[in-house]
Amino acid sequence: MNRTDTDTGSDTDTDTGSGFGSDVNADTDDRLLPVLLICAQAAVWPGAALVRGAVAPSSSLLLAALVAGLVTAALALRRTRPVVTLLVVAAACAVGAGPLPTGAMAVLGTAGVALALFTVATERDTFTTVLCVVALALWQLLYGLTLHGLSDRNGLDLVLTALLYAVACGAGLFVRRTRRVRRTAEQLLRRAEMERHRLPAVERRRMERELHDVSAHHLTAVVVTAGAALGLRDRRPEMADEALEFAAETGREVTRALGAVRAPAPSREDLPSPEERLRGLVAGFRRLGQEVDCEIDPLPEGAVADAAYGIVREALTNVARHAPGARTRVLCRYGDTRTDIVVTSAAPPPGSAAHGAGLGGGRGQGFLRSRAREAGGTLTSGPTADGGWEVRAVLPGRTAAPVRGAVPWSYRLAQVTAAVGLCVQPLLPVLVVRTETTSSSSHVSAGVLFALLAAAQALALLWLRRAPRAAQGVLLGLALLWPPAMATGDYTGPVLLPPALSMLATCAALAADAARNATATATATATATAPDPASDEAYPAAGPSAAESRPRAILKALSVLSVAAVVVHAAAATVAVLERGTAIPAWAVAAAMTAGASLVVGAARQAGTLRGRRDRAARGTRDERLATWTEEAVRDAWAERRRIAAGLETTVLARTAGMVAEAEAGRLDMTAERAREALAAMRALLDTVRAGEAEPELRPQPTLQALDLLAHQTRATGRDVEIRLSDRVPERLPTVVDLAAYHAAEMILAAGGAEPAVLELDADDGTLTLTATGVPRAAHPAVRERLSARVAALDGTLTTDAPDTVRLRLPLVPQQSHEEQGHEQQGHEEGER
């Protein structure tokens with residue numbers, strides 16, 4: 001079959017198992033850090049030895065230079081092959097650590113390996129990172145046992161090594177997660193921008209399609225029926241009455257249909273869904289004689305659905321051209337993070353002639369890849385093992401996260417096999433094993449106790465997000481156990497090192513808590529200083545005192561936690577120093593430890609707060625851009641709808657009303673004339689719709705009739721929104737109420753969030769009620785303040801019945817001043833125009 005091969009463009013990840021691209025700034029020089037490490041290593045050894053007057057042997061200097069050069073070269077290429085770099089650095093440092101004196105590989109063996117491990121965590125998936133950490137730790141443990149045996153040493157070096165690897169791995173995973181969040185936000189913004197330009201065209205095509213249906217079916221039928229009745233009026237006079245009755249009924253139907261075109265129901269449209277369009281496409285190819293099976297998930301309207309439809313259509317067309325009669329399977333899977341589109345065709349039946357093989361222009365595969373890239377995905381195509389052909393596309397899913405390719409199980413098996421082989425068989429068995437006298441004592445070393453305490457703190461950190469207060473309490477309690485562990489294990493190393501290690505977990509918890517509360521504190525403080533425009537009835541439990549108490553409560557909780565951390569860690573460090581013995585007075589030790597703990601805790605709090613503010617600013621910028629683009633898209637589409645609706649009102653609807661009046665008056669000839677005029681006006685309007693029009697300088701303000709456009713745009717950017725409109729809502733609302741209700745709905749959805757949202761509108765006892773559920777951010781004080789300011793201008797009320805529910809009540813006959821009434825009259829005139 002004459003088709004192109006697999007797409008191997010830059011959209012696919014070149015490293016199997018990597019879910020993310022390198023995302024490296026072109027200005028970053030990967031050689032800088034390795035050079036700094038080798039300079040630091042040279043300063044430690046042999047630099048420090050030379051200062052003391054000891055000159056290292058030339059053989060040791062040569063070996064150290066070779067190892068350092070190999071490590072530096074490997075680290076310079078760490079981003080392209082991070083796993084290989086980690087293996088080379090670890091093996092080279094192990095080679096040098098054997099014959100070289102102590103300290104010769106101190107910097108490269110710790111910071112160099114940590115840098116390589118950090119790169120693995122940032123550039124590769126979580127499975128690969130954890131596998132590398134575990135394999136490296138076990139390999140170094142076995143390697144150390146072959147060199148030193150099992151002795152009664154403190155074991156603190158093992159704890160520090162494990163802690164170093166854990167910090168490097170955690171930092172790398174955090175950086176990778178931050179990059180992924182940033183890329184997800186960028187992808188979401190790209191999708192929103194794409195949909196911003198797409199929505200007016202979609203609205204224009206919808207109205208064009210429905211106008212064509214009205215002209216092709218209703219008005220044409222009236223013209224044909226009336227013409228036939230006129231021609232047979234003398235022989236069959238009863239046809240005239242039937243034609244008049246048909247014209248009147250059809251005219252009223254046309255009026256209702258055109259009313260729906262002008263103002264469709266804001267609930268989900270009756271248009272074919274993307275799933276129905278794909279199934280219709282498959283059914284069309286089945287009618288052509290192709291055997292096509294399909295499994296299609298529901299897709300939301302938007303660029304992803306359009307790309308999926310175009311890819312499936314092109315792939316099925318290629319099958320019909322090059323392999324007519326071949327059995328084909330279409331698979332469409334829509335998930336949270338990705339959408340998989342797979343079209344697989346079997347080998348063509350023997351003897352089948354590909355009559356359309358030469359009809360293509362040879363650009364189909366390029367168009368397919370272009371469609372996938374524009375939607376933010378990738379596409380590959382190529383032959384299958386049985387002689388068929390497969391087209392596979394991976395597009396963004398529900399959350400607009402970066403597309404990640406699936407990792408074959410064989411690759412995972414190879415990774416595990418290599419790691420197990422590395423652990424059970426140390427790489428360098430030829431080294432001379434340094435035997436030491438092992439101890440048969442049952443005494444527990446300090447290293448074991450420190451390792452258990454560090455593991456317990458790590459488990460507490462894992463529970464920090466689910467149960468923050470309980471996890472923080474556990475961390476503070478574990479900090480008090482480090483001095484007893486030092487005494488029990490007869491620890492003889494630096495006295496302040498174990499208390500400092502115990503503070504790392506507490507500082508991490510404090511920084512995370514400060515980052516999480518930075519947004520709430522800032523927003524609550526801003527809300528507390530602003531007056532509450534809503535009535536007391538709307539906020540029965542949120543008066544000024546409650547608004548002021550919220551930031552105070554947050555600050556109080558943070559202060560208590562910080563003070564507790566300072567007291568606990570200062571006490572632990574003081575006990576450790578005093579038990580070791582010192583000539584410094586106890587009060588001076590306690591004061592120094594308290595000052596040091598205060599500085600460390602304050603630095604952790606400040607770092608977390610800065611991180612939270614930066615994340616809040618980035619999220620605010622993204623939400624603001626999304627809201628702006630959504631507003632522009634809806635206004636452009638609304639302007640397009642109003643432009644076409646104005647043509648309907650001045651031409652087609654007027655002539656259709658005249659046709660109905662003539663039919664009810666019994667004038668068949670005038671009825672036929674009015675029907676022809678209405679049909680001609682409809683066709684002229686269709687020509688105007690297809691030609692488009694320059695954007696007007698002043699666009700009309702959207703009303704509740706534009707809720708379907710708002711929901712369409714929000715769904716297209718990945719959030720499911722449902723609009724429920726009660727039959728009790730009047731068709732015409734006061735302009736100020738109509739505008740206020742729409743802008744309130746727009747503000748609620750613009751608050752952000754990925755949860756499915758439902759907007760319900762109902763009217764009862766002269767009050768319009770808008771209830772929004774699934775919108776937890778809309779209940780935030782800052783958003784609630786803006787909503788209450790809008791409804792208070794109309795004497796409305798705002799309540800939050802649940803954390804994710806907001807209810808607005810607007811009187812249908814608001815109290816207005818003369819100036820507001822003039823604005824309302826002007827708004828009605830603009831709407832009519």
# chains A, B, ... in the order shown; residues from 1 in each chain; ligands from 1
$ residues_around --residues "region 626-638 of chain A" --least-positions-apart "5" --cutoff "10 Å" --atoms "only C-alpha atoms" --output "PDB file with N, CA, C and O atoms, in the first residue's frame"
ATOM      1  N   LEU A 188      -3.482  24.419  28.783  1.00  0.00           N
ATOM      2  CA  LEU A 188      -4.849  24.883  28.981  1.00  0.00           C
ATOM      3  C   LEU A 188      -5.054  26.262  28.380  1.00  0.00           C
ATOM      4  O   LEU A 188      -6.096  26.538  27.759  1.00  0.00           O
ATOM      5  N   LEU A 189      -4.067  27.133  28.531  1.00  0.00           N
ATOM      6  CA  LEU A 189      -4.181  28.471  27.946  1.00  0.00           C
ATOM      7  C   LEU A 189      -4.181  28.398  26.423  1.00  0.00           C
ATOM      8  O   LEU A 189      -4.919  29.136  25.762  1.00  0.00           O
ATOM      9  N   ARG A 190      -3.342  27.523  25.862  1.00  0.00           N
ATOM     10  CA  ARG A 190      -3.350  27.374  24.398  1.00  0.00           C
ATOM     11  C   ARG A 190      -4.699  26.865  23.908  1.00  0.00           C
ATOM     12  O   ARG A 190      -5.217  27.315  22.880  1.00  0.00           O
ATOM     13  N   ARG A 191      -5.267  25.910  24.653  1.00  0.00           N
ATOM     14  CA  ARG A 191      -6.574  25.403  24.247  1.00  0.00           C
ATOM     15  C   ARG A 191      -7.632  26.492  24.358  1.00  0.00           C
ATOM     16  O   ARG A 191      -8.493  26.632  23.478  1.00  0.00           O
ATOM     17  N   ALA A 192      -7.572  27.282  25.437  1.00  0.00           N
ATOM     18  CA  ALA A 192      -8.549  28.354  25.607  1.00  0.00           C
ATOM     19  C   ALA A 192      -8.415  29.394  24.512  1.00  0.00           C
ATOM     20  O   ALA A 192      -9.417  29.902  23.990  1.00  0.00           O
ATOM     21  N   GLU A 193      -7.172  29.729  24.143  1.00  0.00           N
ATOM     22  CA  GLU A 193      -6.979  30.714  23.075  1.00  0.00           C
ATOM     23  C   GLU A 193      -7.492  30.179  21.747  1.00  0.00           C
ATOM     24  O   GLU A 193      -8.093  30.909  20.947  1.00  0.00           O
ATOM     25  N   MET A 194      -7.255  28.887  21.499  1.00  0.00           N
ATOM     26  CA  MET A 194      -7.748  28.281  20.278  1.00  0.00           C
ATOM     27  C   MET A 194      -9.275  28.312  20.228  1.00  0.00           C
ATOM     28  O   MET A 194      -9.884  28.636  19.205  1.00  0.00           O
ATOM     29  N   GLU A 195      -9.897  27.985  21.376  1.00  0.00           N
ATOM     30  CA  GLU A 195     -11.351  27.986  21.425  1.00  0.00           C
ATOM     31  C   GLU A 195     -11.905  29.403  21.361  1.00  0.00           C
ATOM     32  O   GLU A 195     -13.032  29.607  20.901  1.00  0.00           O
ATOM     33  N   ARG A 196     -11.137  30.380  21.822  1.00  0.00           N
ATOM     34  CA  ARG A 196     -11.611  31.766  21.749  1.00  0.00           C
ATOM     35  C   ARG A 196     -11.862  32.175  20.308  1.00  0.00           C
ATOM     36  O   ARG A 196     -12.858  32.841  19.998  1.00  0.00           O
ATOM     37  N   HIS A 197     -10.987  31.780  19.402  1.00  0.00           N
ATOM     38  CA  HIS A 197     -11.171  32.116  17.994  1.00  0.00           C
ATOM     39  C   HIS A 197     -12.141  31.160  17.303  1.00  0.00           C
ATOM     40  O   HIS A 197     -12.667  31.485  16.243  1.00  0.00           O
ATOM     41  N   ARG A 198     -12.355  30.009  17.916  1.00  0.00           N
ATOM     42  CA  ARG A 198     -13.195  28.994  17.272  1.00  0.00           C
ATOM     43  C   ARG A 198     -14.678  29.189  17.551  1.00  0.00           C
ATOM     44  O   ARG A 198     -15.526  28.897  16.697  1.00  0.00           O
ATOM     45  N   LEU A 199     -15.031  29.694  18.749  1.00  0.00           N
ATOM     46  CA  LEU A 199     -16.428  29.758  19.143  1.00  0.00           C
ATOM     47  C   LEU A 199     -17.283  30.622  18.215  1.00  0.00           C
ATOM     48  O   LEU A 199     -18.395  30.200  17.853  1.00  0.00           O
ATOM     49  N   PRO A 200     -16.871  31.837  17.808  1.00  0.00           N
ATOM     50  CA  PRO A 200     -17.720  32.585  16.866  1.00  0.00           C
ATOM     51  C   PRO A 200     -17.964  31.840  15.561  1.00  0.00           C
ATOM     52  O   PRO A 200     -19.086  31.879  15.024  1.00  0.00           O
ATOM     53  N   ALA A 201     -16.935  31.166  15.045  1.00  0.00           N
ATOM     54  CA  ALA A 201     -17.133  30.400  13.815  1.00  0.00           C
ATOM     55  C   ALA A 201     -18.093  29.235  14.032  1.00  0.00           C
ATOM     56  O   ALA A 201     -18.920  28.913  13.169  1.00  0.00           O
ATOM     57  N   VAL A 202     -17.996  28.586  15.204  1.00  0.00           N
ATOM     58  CA  VAL A 202     -18.926  27.493  15.513  1.00  0.00           C
ATOM     59  C   VAL A 202     -20.357  28.010  15.581  1.00  0.00           C
ATOM     60  O   VAL A 202     -21.288  27.383  15.057  1.00  0.00           O
ATOM     61  N   GLU A 203     -20.548  29.157  16.213  1.00  0.00           N
ATOM     62  CA  GLU A 203     -21.893  29.733  16.300  1.00  0.00           C
ATOM     63  C   GLU A 203     -22.408  30.123  14.915  1.00  0.00           C
ATOM     64  O   GLU A 203     -23.585  29.910  14.598  1.00  0.00           O
ATOM     65  N   ARG A 204     -21.535  30.661  14.081  1.00  0.00           N
ATOM     66  CA  ARG A 204     -21.959  31.030  12.726  1.00  0.00           C
ATOM     67  C   ARG A 204     -22.353  29.793  11.925  1.00  0.00           C
ATOM     68  O   ARG A 204     -23.354  29.790  11.209  1.00  0.00           O
ATOM     69  N   GLY A 620      -3.474  33.026  39.611  1.00  0.00           N
ATOM     70  CA  GLY A 620      -4.341  34.160  39.350  1.00  0.00           C
ATOM     71  C   GLY A 620      -4.183  34.698  37.943  1.00  0.00           C
ATOM     72  O   GLY A 620      -5.168  35.047  37.284  1.00  0.00           O
ATOM     73  N   THR A 621      -2.942  34.766  37.483  1.00  0.00           N
ATOM     74  CA  THR A 621      -2.709  35.228  36.108  1.00  0.00           C
ATOM     75  C   THR A 621      -3.354  34.289  35.099  1.00  0.00           C
ATOM     76  O   THR A 621      -3.989  34.723  34.130  1.00  0.00           O
ATOM     77  N   ARG A 643     -26.026  39.674  15.151  1.00  0.00           N
ATOM     78  CA  ARG A 643     -25.985  40.190  13.772  1.00  0.00           C
ATOM     79  C   ARG A 643     -26.905  39.385  12.865  1.00  0.00           C
ATOM     80  O   ARG A 643     -27.687  39.942  12.089  1.00  0.00           O
ATOM     81  N   ILE A 644     -26.829  38.075  12.995  1.00  0.00           N
ATOM     82  CA  ILE A 644     -27.673  37.228  12.149  1.00  0.00           C
ATOM     83  C   ILE A 644     -29.128  37.328  12.581  1.00  0.00           C
ATOM     84  O   ILE A 644     -30.047  37.344  11.748  1.00  0.00           O
ATOM     85  N   GLU A 695     -15.794  42.936  12.408  1.00  0.00           N
ATOM     86  CA  GLU A 695     -16.193  43.031  13.812  1.00  0.00           C
ATOM     87  C   GLU A 695     -16.675  44.440  14.115  1.00  0.00           C
ATOM     88  O   GLU A 695     -16.008  45.424  13.817  1.00  0.00           O
ATOM     89  N   PRO A 696     -17.859  44.569  14.688  1.00  0.00           N
ATOM     90  CA  PRO A 696     -18.363  45.912  14.991  1.00  0.00           C
ATOM     91  C   PRO A 696     -17.556  46.574  16.094  1.00  0.00           C
ATOM     92  O   PRO A 696     -16.918  45.919  16.907  1.00  0.00           O
ATOM     93  N   ARG A 699     -19.853  45.915  20.725  1.00  0.00           N
ATOM     94  CA  ARG A 699     -20.493  44.604  20.764  1.00  0.00           C
ATOM     95  C   ARG A 699     -21.559  44.601  21.844  1.00  0.00           C
ATOM     96  O   ARG A 699     -21.359  45.169  22.914  1.00  0.00           O
ATOM     97  N   PRO A 700     -22.692  43.951  21.581  1.00  0.00           N
ATOM     98  CA  PRO A 700     -23.756  43.927  22.586  1.00  0.00           C
ATOM     99  C   PRO A 700     -23.344  43.109  23.806  1.00  0.00           C
ATOM    100  O   PRO A 700     -22.570  42.160  23.711  1.00  0.00           O
ATOM    101  N   GLN A 701     -23.876  43.491  24.956  1.00  0.00           N
ATOM    102  CA  GLN A 701     -23.588  42.766  26.190  1.00  0.00           C
ATOM    103  C   GLN A 701     -24.357  41.447  26.185  1.00  0.00           C
ATOM    104  O   GLN A 701     -25.543  41.411  25.893  1.00  0.00           O
ATOM    105  N   PRO A 702     -23.694  40.322  26.539  1.00  0.00           N
ATOM    106  CA  PRO A 702     -24.412  39.042  26.589  1.00  0.00           C
ATOM    107  C   PRO A 702     -25.448  39.036  27.708  1.00  0.00           C
ATOM    108  O   PRO A 702     -25.267  39.669  28.752  1.00  0.00           O
ATOM    109  N   THR A 703     -26.519  38.309  27.483  1.00  0.00           N
ATOM    110  CA  THR A 703     -27.556  38.113  28.481  1.00  0.00           C
ATOM    111  C   THR A 703     -27.681  36.620  28.772  1.00  0.00           C
ATOM    112  O   THR A 703     -26.850  35.815  28.336  1.00  0.00           O
ATOM    113  N   GLN A 705     -29.483  34.572  27.468  1.00  0.00           N
ATOM    114  CA  GLN A 705     -29.599  33.811  26.229  1.00  0.00           C
ATOM    115  C   GLN A 705     -28.239  33.391  25.689  1.00  0.00           C
ATOM    116  O   GLN A 705     -28.168  32.561  24.786  1.00  0.00           O
ATOM    117  N   ALA A 706     -27.153  33.934  26.248  1.00  0.00           N
ATOM    118  CA  ALA A 706     -25.797  33.532  25.844  1.00  0.00           C
ATOM    119  C   ALA A 706     -25.198  32.499  26.782  1.00  0.00           C
ATOM    120  O   ALA A 706     -24.016  32.180  26.658  1.00  0.00           O
ATOM    121  N   LEU A 707     -25.996  31.948  27.707  1.00  0.00           N
ATOM    122  CA  LEU A 707     -25.450  30.944  28.620  1.00  0.00           C
ATOM    123  C   LEU A 707     -24.997  29.699  27.883  1.00  0.00           C
ATOM    124  O   LEU A 707     -24.067  29.014  28.317  1.00  0.00           O
ATOM    125  N   ASP A 708     -25.674  29.350  26.777  1.00  0.00           N
ATOM    126  CA  ASP A 708     -25.235  28.173  26.017  1.00  0.00           C
ATOM    127  C   ASP A 708     -23.840  28.384  25.442  1.00  0.00           C
ATOM    128  O   ASP A 708     -23.023  27.466  25.394  1.00  0.00           O
ATOM    129  N   LEU A 709     -23.526  29.633  25.026  1.00  0.00           N
ATOM    130  CA  LEU A 709     -22.187  29.931  24.520  1.00  0.00           C
ATOM    131  C   LEU A 709     -21.159  29.862  25.651  1.00  0.00           C
ATOM    132  O   LEU A 709     -20.051  29.334  25.468  1.00  0.00           O
ATOM    133  N   LEU A 710     -21.515  30.377  26.822  1.00  0.00           N
ATOM    134  CA  LEU A 710     -20.607  30.325  27.969  1.00  0.00           C
ATOM    135  C   LEU A 710     -20.329  28.880  28.373  1.00  0.00           C
ATOM    136  O   LEU A 710     -19.178  28.508  28.636  1.00  0.00           O
ATOM    137  N   ALA A 711     -21.369  28.051  28.403  1.00  0.00           N
ATOM    138  CA  ALA A 711     -21.172  26.644  28.761  1.00  0.00           C
ATOM    139  C   ALA A 711     -20.350  25.928  27.702  1.00  0.00           C
ATOM    140  O   ALA A 711     -19.482  25.100  28.022  1.00  0.00           O
ATOM    141  N   HIS A 712     -20.602  26.232  26.431  1.00  0.00           N
ATOM    142  CA  HIS A 712     -19.845  25.608  25.344  1.00  0.00           C
ATOM    143  C   HIS A 712     -18.370  25.936  25.450  1.00  0.00           C
ATOM    144  O   HIS A 712     -17.501  25.053  25.323  1.00  0.00           O
ATOM    145  N   GLN A 713     -18.042  27.192  25.705  1.00  0.00           N
ATOM    146  CA  GLN A 713     -16.649  27.603  25.808  1.00  0.00           C
ATOM    147  C   GLN A 713     -15.978  26.975  27.027  1.00  0.00           C
ATOM    148  O   GLN A 713     -14.818  26.545  26.961  1.00  0.00           O
ATOM    149  N   THR A 714     -16.692  26.895  28.141  1.00  0.00           N
ATOM    150  CA  THR A 714     -16.114  26.310  29.345  1.00  0.00           C
ATOM    151  C   THR A 714     -15.878  24.820  29.168  1.00  0.00           C
ATOM    152  O   THR A 714     -14.851  24.286  29.596  1.00  0.00           O
ATOM    153  N   THR A 717     -12.726  23.978  27.187  1.00  0.00           N
ATOM    154  CA  THR A 717     -11.441  24.116  27.873  1.00  0.00           C
ATOM    155  C   THR A 717     -11.264  23.077  28.973  1.00  0.00           C
ATOM    156  O   THR A 717     -10.357  23.207  29.794  1.00  0.00           O
ATOM    157  N   HIS A 743     -23.805  37.986  34.103  1.00  0.00           N
ATOM    158  CA  HIS A 743     -22.463  38.321  34.595  1.00  0.00           C
ATOM    159  C   HIS A 743     -22.157  37.586  35.900  1.00  0.00           C
ATOM    160  O   HIS A 743     -20.990  37.252  36.160  1.00  0.00           O
ATOM    161  N   GLU A 746     -21.157  34.178  34.770  1.00  0.00           N
ATOM    162  CA  GLU A 746     -19.827  34.263  34.180  1.00  0.00           C
ATOM    163  C   GLU A 746     -18.761  34.399  35.266  1.00  0.00           C
ATOM    164  O   GLU A 746     -17.697  33.758  35.202  1.00  0.00           O
ATOM    165  N   MET A 747     -19.035  35.183  36.294  1.00  0.00           N
ATOM    166  CA  MET A 747     -18.085  35.372  37.383  1.00  0.00           C
ATOM    167  C   MET A 747     -17.891  34.091  38.178  1.00  0.00           C
ATOM    168  O   MET A 747     -16.769  33.763  38.596  1.00  0.00           O
ATOM    169  N   LEU A 749     -18.182  30.942  37.094  1.00  0.00           N
ATOM    170  CA  LEU A 749     -17.364  30.000  36.333  1.00  0.00           C
ATOM    171  C   LEU A 749     -15.936  30.521  36.162  1.00  0.00           C
ATOM    172  O   LEU A 749     -14.991  29.734  36.071  1.00  0.00           O
ATOM    173  N   ALA A 750     -15.767  31.838  36.121  1.00  0.00           N
ATOM    174  CA  ALA A 750     -14.425  32.405  35.964  1.00  0.00           C
ATOM    175  C   ALA A 750     -13.583  32.251  37.214  1.00  0.00           C
ATOM    176  O   ALA A 750     -12.357  32.426  37.150  1.00  0.00           O
ATOM    177  N   ALA A 751     -14.205  31.912  38.356  1.00  0.00           N
ATOM    178  CA  ALA A 751     -13.427  31.702  39.573  1.00  0.00           C
ATOM    179  C   ALA A 751     -12.478  30.538  39.447  1.00  0.00           C
ATOM    180  O   ALA A 751     -11.536  30.415  40.233  1.00  0.00           O
ATOM    181  N   GLY A 752     -12.695  29.664  38.450  1.00  0.00           N
ATOM    182  CA  GLY A 752     -11.771  28.564  38.199  1.00  0.00           C
ATOM    183  C   GLY A 752     -12.211  27.293  38.880  1.00  0.00           C
ATOM    184  O   GLY A 752     -13.223  27.223  39.591  1.00  0.00           O
TER     185      GLY A 752
END
$ residues_around --residues "region 234-242 of chain A" --least-positions-apart "3" --cutoff "12 Å" --atoms "only C-alpha atoms" --output "list in words"
Val222, Thr225, Ala226, Gly227, Ala228, Ala229, Leu230, Gly231, Glu245, Phe246, Ala247, Ala248, Glu249, Thr250, Ala663, Glu664, Ala665, Gly666, Arg667, Leu668, Asp669, Thr671 and Ala672 of chain A
$ residues_around --residues "Val89 (chain A)" --least-positions-apart "2" --cutoff "8 Å" --atoms "only C-alpha atoms" --output "MDAnalysis selection string"
chainID A and resid 70:71 74:75 85:87 91:93 109 112:113 116
$ closest_residue --among "A:Arg732, A:Arg31, A:Arg183, A:Arg715" --to "Gly376 (chain A)" --atoms "only C-alpha atoms"
A:Arg183
$ residues_around --residues "Gln472 (chain A)" --least-positions-apart "5" --cutoff "9 Å" --atoms "only C-alpha atoms" --output "PDB file with N, CA and C atoms, in the first residue's frame"
ATOM      1  N   ALA A 460       5.513  10.505  58.406  1.00  0.00           N
ATOM      2  CA  ALA A 460       4.679  11.630  58.856  1.00  0.00           C
ATOM      3  C   ALA A 460       4.535  12.682  57.766  1.00  0.00           C
ATOM      4  N   LEU A 461       5.597  12.934  57.021  1.00  0.00           N
ATOM      5  CA  LEU A 461       5.504  13.896  55.920  1.00  0.00           C
ATOM      6  C   LEU A 461       4.550  13.416  54.831  1.00  0.00           C
ATOM      7  N   LEU A 464       1.131  14.499  55.608  1.00  0.00           N
ATOM      8  CA  LEU A 464       0.982  15.927  55.889  1.00  0.00           C
ATOM      9  C   LEU A 464      -0.207  16.525  55.148  1.00  0.00           C
ATOM     10  N   ALA A 467      -3.686  14.763  56.833  1.00  0.00           N
ATOM     11  CA  ALA A 467      -3.937  15.150  58.231  1.00  0.00           C
ATOM     12  C   ALA A 467      -2.813  16.055  58.687  1.00  0.00           C
ATOM     13  N   GLY A 477       6.873  15.394  68.132  1.00  0.00           N
ATOM     14  CA  GLY A 477       7.149  14.349  69.107  1.00  0.00           C
ATOM     15  C   GLY A 477       8.390  13.551  68.772  1.00  0.00           C
ATOM     16  N   THR A 506      10.694  18.905  60.083  1.00  0.00           N
ATOM     17  CA  THR A 506       9.821  19.946  60.629  1.00  0.00           C
ATOM     18  C   THR A 506       9.806  21.186  59.751  1.00  0.00           C
ATOM     19  N   ALA A 509       7.627  20.587  56.777  1.00  0.00           N
ATOM     20  CA  ALA A 509       6.206  20.688  57.117  1.00  0.00           C
ATOM     21  C   ALA A 509       5.787  22.142  57.314  1.00  0.00           C
ATOM     22  N   LEU A 510       6.636  22.945  57.980  1.00  0.00           N
ATOM     23  CA  LEU A 510       6.310  24.352  58.173  1.00  0.00           C
ATOM     24  C   LEU A 510       6.237  25.099  56.846  1.00  0.00           C
ATOM     25  N   LEU A 561       2.147  26.935  65.894  1.00  0.00           N
ATOM     26  CA  LEU A 561       2.966  25.859  65.339  1.00  0.00           C
ATOM     27  C   LEU A 561       4.439  26.259  65.294  1.00  0.00           C
TER      28      LEU A 561
END
$ closest_residue --among "A:Ala94, A:Arg728, A:Thr328, A:Ala485" --to "Trp139 (chain A)" --atoms "only C-alpha atoms"
A:Ala94
$ residues_around --residues "region 571-585 of chain A" --least-positions-apart "6" --cutoff "12 Å" --atoms "only C-alpha atoms" --output "ChimeraX atom specification"
/A:476-488,490-503,564-565,591-597
$ atom_distance --atom1 "CA of Pro734 (chain A)" --atom2 "CA of Leu808 (chain A)"
16.2 Å
$ closest_residue --among "A:Arg642, A:Thr129, A:Arg469, A:Gly172" --to "Ala419 (chain A)" --atoms "only C-alpha atoms"
A:Thr129
$ residues_around --residues "region 764-779 of chain A" --least-positions-apart "2" --cutoff "9 Å" --atoms "only C-alpha atoms" --output "ChimeraX atom specification"
/A:728-729,737,741,744-745,747-762,781-784,787,796,800,802-813
$ select_by_dssp --residues "region 734-769 of chain A" --states "strand (DSSP E)" --output "PyMOL selection string"
chain A and resi 757-764+767-769
$ atom_distance --atom1 "CA of Ser345 (chain A)" --atom2 "CA of Ala307 (chain A)"
19.7 Å
$ decode --residues "region 707-714 of chain A" --atoms "N, CA, C and O atoms" --output "mmCIF file, in the first residue's frame"
data_model
loop_
_atom_site.group_PDB
_atom_site.id
_atom_site.type_symbol
_atom_site.label_atom_id
_atom_site.label_comp_id
_atom_site.auth_asym_id
_atom_site.auth_seq_id
_atom_site.Cartn_x
_atom_site.Cartn_y
_atom_site.Cartn_z
ATOM 1 N N LEU A 707 -25.996 31.948 27.707
ATOM 2 C CA LEU A 707 -25.450 30.944 28.620
ATOM 3 C C LEU A 707 -24.997 29.699 27.883
ATOM 4 O O LEU A 707 -24.067 29.014 28.317
ATOM 5 N N ASP A 708 -25.674 29.350 26.777
ATOM 6 C CA ASP A 708 -25.235 28.173 26.017
ATOM 7 C C ASP A 708 -23.840 28.384 25.442
ATOM 8 O O ASP A 708 -23.023 27.466 25.394
ATOM 9 N N LEU A 709 -23.526 29.633 25.026
ATOM 10 C CA LEU A 709 -22.187 29.931 24.520
ATOM 11 C C LEU A 709 -21.159 29.862 25.651
ATOM 12 O O LEU A 709 -20.051 29.334 25.468
ATOM 13 N N LEU A 710 -21.515 30.377 26.822
ATOM 14 C CA LEU A 710 -20.607 30.325 27.969
ATOM 15 C C LEU A 710 -20.329 28.880 28.373
ATOM 16 O O LEU A 710 -19.178 28.508 28.636
ATOM 17 N N ALA A 711 -21.369 28.051 28.403
ATOM 18 C CA ALA A 711 -21.172 26.644 28.761
ATOM 19 C C ALA A 711 -20.350 25.928 27.702
ATOM 20 O O ALA A 711 -19.482 25.100 28.022
ATOM 21 N N HIS A 712 -20.602 26.232 26.431
ATOM 22 C CA HIS A 712 -19.845 25.608 25.344
ATOM 23 C C HIS A 712 -18.370 25.936 25.450
ATOM 24 O O HIS A 712 -17.501 25.053 25.323
ATOM 25 N N GLN A 713 -18.042 27.192 25.705
ATOM 26 C CA GLN A 713 -16.649 27.603 25.808
ATOM 27 C C GLN A 713 -15.978 26.975 27.027
ATOM 28 O O GLN A 713 -14.818 26.545 26.961
ATOM 29 N N THR A 714 -16.692 26.895 28.141
ATOM 30 C CA THR A 714 -16.114 26.310 29.345
ATOM 31 C C THR A 714 -15.878 24.820 29.168
ATOM 32 O O THR A 714 -14.851 24.286 29.596
#
